[in-house]
Amino acid sequence: MATDLDDLKAFVAVARARGFREAARTAGTSASRLSDTVRRLEAQLGVRLFNRTTRSVALTQAGQELLARLAPALTEVEAALDAVNGFRDKPAGTLRLNVPLSATKLVLPSIVPDFLAAYPDIRLEVAAEESFVDVLAAGCDAGIRYDDRLEQDMIAVPIGPRVQRFAAGASPDYLNRRGRPAHPEDLMRHACLRGRFPSGAMPAWDFEQNGESVRIDASGPLVVQIGGAVDLAVDAAIAGAGVMYLFEDWLRPHFASGALEPVLEPWWPQFSGPFLYYSGRRLVPSPLKALIDFIKARPFP
């Protein structure tokens, strides 16, 4: 039975994305075209691969079996093609990264334009999310995470600033009305704008100075999902809704403009910068190798 390789790739893309719309967005095509492709594959195989409802797409048992056997095989096919690609003068192909939103704002902007200019035959696809993701199962070549979030059996390469800080800030108007905290515990009497991970966990605010560490679990009028809704909290803080806590680099432009005022700056804690990580158990694709070499050649403060 002859089956089109592109049809199989479409099936894997939909299975990994758990939906036609998300798979289409990643693949740069339409959901209807992917749906037609999967229906054609199902008709050719004579089995249903997905159970579809108006709200969800889930693999059938046959689909699960096909994915389990097919995904590693496609990885080998891509590796074989990439080995041939290594004979080109410049690397080519698609490089897929899974990164937190903070990396798209604070790390990648200083890297991506120059990298794409240096390697015009590489197409870079970036998926931004805060959930813990198996990058290989998600169809990505590599990810960016901070050191305490690295997966096991992964190779890590430093990328971006090596030392960062968390910062607290509020609008001058808010601080004029509510007072300026002198100690982290003073935040318990303030309106604090909090963030929550997609998992439901709400990280506390950590502060440290002269060997003293303080962890604050304050409350306030606004909780946003860490990721795409963070800028809503920034806007709310600028408008005077309360105190927020975020990457210093994210808030620095607002400190510079005066829209926000630093709060408890001597207490801001440092943490190590992010890493590009990838599996050490498979051949490194040439586009990923090009990115690794590129960031290793760049000095980061």
# chains A, B, ... in the order shown; residues from 1 in each chain; ligands from 1
>>> select_by_dssp(residues="stretch 112-237 of chain A", states="strand (DSSP E or B)", output="PyMOL selection string")
chain A and resi 122-128+142-145+154-158+163-170+192-196+205-209+212-216+222-225
>>> residues_around(residues="stretch 229-237 of chain A", least_positions_apart="2", cutoff="12 Å", atoms="only C-alpha atoms", output="VMD selection string")
chain A and resid 100 to 102 105 129 to 130 168 to 175 191 to 198 220 to 227 239 to 247 250 to 255 259 to 262
>>> select_by_dssp(residues="stretch 58-226 of chain A", states="alpha helix (DSSP H)", output="MDAnalysis selection string")
chainID A and resid 61:85 101:106 112:118 172:178
>>> closest_residue(among="A:Ser35, A:Thr60, A:Asn98, A:Ser286", to="A:Val126", atoms="only C-alpha atoms")
A:Asn98
>>> atom_distance(atom1="atom CA of A:Gly273", atom2="atom CA of A:Glu212")
22.4 Å
>>> residues_around(residues="A:Ala142", least_positions_apart="4", cutoff="9 Å", atoms="only C-alpha atoms", output="NGL selection string")
:A and (95-99 or 135-136 or 276-279 or 288)
>>> write_last_selection(atoms="C-alpha atoms", output="mmCIF file, in the first residue's frame")
data_model
loop_
_atom_site.group_PDB
_atom_site.id
_atom_site.type_symbol
_atom_site.label_atom_id
_atom_site.label_comp_id
_atom_site.auth_asym_id
_atom_site.auth_seq_id
_atom_site.Cartn_x
_atom_site.Cartn_y
_atom_site.Cartn_z
ATOM 1 C CA LEU A 95 14.417 24.732 12.938
ATOM 2 C CA ARG A 96 11.626 24.440 15.522
ATOM 3 C CA LEU A 97 12.052 25.890 19.016
ATOM 4 C CA ASN A 98 9.772 25.675 22.058
ATOM 5 C CA VAL A 99 10.398 28.601 24.412
ATOM 6 C CA VAL A 135 10.291 19.117 22.958
ATOM 7 C CA LEU A 136 10.808 15.966 20.896
ATOM 8 C CA LEU A 276 19.094 26.338 24.850
ATOM 9 C CA TYR A 277 18.572 22.619 25.393
ATOM 10 C CA TYR A 278 18.253 19.653 23.057
ATOM 11 C CA SER A 279 18.411 15.880 23.132
ATOM 12 C CA LEU A 288 20.154 23.468 15.111
#
>>> residues_around(residues="A:Ala15", least_positions_apart="2", cutoff="9 Å", atoms="only C-alpha atoms", output="number ranges by chain")
A: 10-13, 17-20, 23, 50, 57-59, 63-64, 67
>>> closest_residue(among="A:Ala127, A:Leu8, A:Ala204, A:Ile292", to="A:Val157", atoms="only C-alpha atoms")
A:Ile292
>>> atom_distance(atom1="atom CA of A:Gln270", atom2="atom CA of A:Phe166")
6.7 Å
>>> atom_distance(atom1="atom CA of A:Asp7", atom2="atom CA of A:Thr37")
6.0 Å
>>> closest_residue(among="A:His183, A:Arg165, A:Arg177, A:Arg40", to="A:Arg215", atoms="only C-alpha atoms")
A:His183
>>> residues_around(residues="A:Ala118", least_positions_apart="6", cutoff="12 Å", atoms="only C-alpha atoms", output="PyMOL selection string")
chain A and resi 90-92+111-112+287+290-291+293-294
>>> write_last_selection(atoms="all heavy atoms", output="CSV table (one decimal), in the first residue's frame")
chain,number,residue,atom,x,y,z
A,90,LYS,N,25.8,26.1,2.9
A,90,LYS,CA,25.2,26.6,4.1
A,90,LYS,C,24.0,25.7,4.5
A,90,LYS,O,23.3,25.2,3.7
A,90,LYS,CB,24.7,28.1,3.8
A,90,LYS,CG,25.8,29.1,3.8
A,90,LYS,CD,25.2,30.5,3.9
A,90,LYS,CE,26.3,31.5,4.1
A,90,LYS,NZ,25.8,32.9,4.3
A,91,PRO,N,23.8,25.6,5.9
A,91,PRO,CA,22.7,24.8,6.3
A,91,PRO,C,21.4,25.3,5.8
A,91,PRO,O,21.2,26.5,5.6
A,91,PRO,CB,22.8,24.9,7.9
A,91,PRO,CG,24.2,25.3,8.1
A,91,PRO,CD,24.6,26.2,6.9
A,92,ALA,N,20.4,24.4,5.7
A,92,ALA,CA,19.1,24.8,5.2
A,92,ALA,C,18.1,23.9,5.9
A,92,ALA,O,18.4,22.8,6.5
A,92,ALA,CB,19.0,24.6,3.7
A,111,ILE,N,19.0,37.9,19.0
A,111,ILE,CA,19.7,36.8,18.3
A,111,ILE,C,19.1,36.5,16.9
A,111,ILE,O,19.8,36.3,15.9
A,111,ILE,CB,19.6,35.5,19.2
A,111,ILE,CG1,20.4,35.8,20.5
A,111,ILE,CG2,20.2,34.3,18.4
A,111,ILE,CD1,20.2,34.6,21.5
A,112,VAL,N,17.8,36.4,16.9
A,112,VAL,CA,17.1,35.9,15.7
A,112,VAL,C,17.4,36.7,14.4
A,112,VAL,O,17.7,36.1,13.3
A,112,VAL,CB,15.6,35.9,15.9
A,112,VAL,CG1,14.8,35.6,14.6
A,112,VAL,CG2,15.3,34.7,16.9
A,287,PRO,N,20.4,22.8,10.9
A,287,PRO,CA,19.9,24.1,11.4
A,287,PRO,C,20.1,24.4,12.8
A,287,PRO,O,20.5,25.5,13.3
A,287,PRO,CB,18.4,24.1,11.0
A,287,PRO,CG,18.3,23.1,9.9
A,287,PRO,CD,19.3,22.0,10.3
A,290,ALA,N,23.8,24.9,13.5
A,290,ALA,CA,24.1,26.3,13.1
A,290,ALA,C,23.8,27.3,14.2
A,290,ALA,O,24.5,28.2,14.5
A,290,ALA,CB,23.4,26.7,11.8
A,291,LEU,N,22.6,27.1,14.8
A,291,LEU,CA,22.2,28.0,15.9
A,291,LEU,C,23.1,27.8,17.1
A,291,LEU,O,23.5,28.8,17.8
A,291,LEU,CB,20.7,27.7,16.3
A,291,LEU,CG,20.2,28.6,17.5
A,291,LEU,CD1,20.2,30.1,17.2
A,291,LEU,CD2,18.8,28.1,17.9
A,293,ASP,N,26.3,26.9,17.2
A,293,ASP,CA,27.6,27.5,16.9
A,293,ASP,C,27.4,29.1,16.9
A,293,ASP,O,28.3,29.8,17.4
A,293,ASP,CB,28.1,27.1,15.5
A,293,ASP,CG,28.5,25.6,15.5
A,293,ASP,OD1,28.7,25.0,16.6
A,293,ASP,OD2,28.5,25.0,14.4
A,294,PHE,N,26.3,29.5,16.5
A,294,PHE,CA,26.0,31.0,16.4
A,294,PHE,C,26.0,31.6,17.8
A,294,PHE,O,26.6,32.6,18.0
A,294,PHE,CB,24.7,31.2,15.7
A,294,PHE,CG,24.4,32.7,15.4
A,294,PHE,CD1,25.0,33.3,14.3
A,294,PHE,CD2,23.6,33.4,16.2
A,294,PHE,CE1,24.7,34.7,14.1
A,294,PHE,CE2,23.3,34.7,16.0
A,294,PHE,CZ,23.9,35.4,14.9
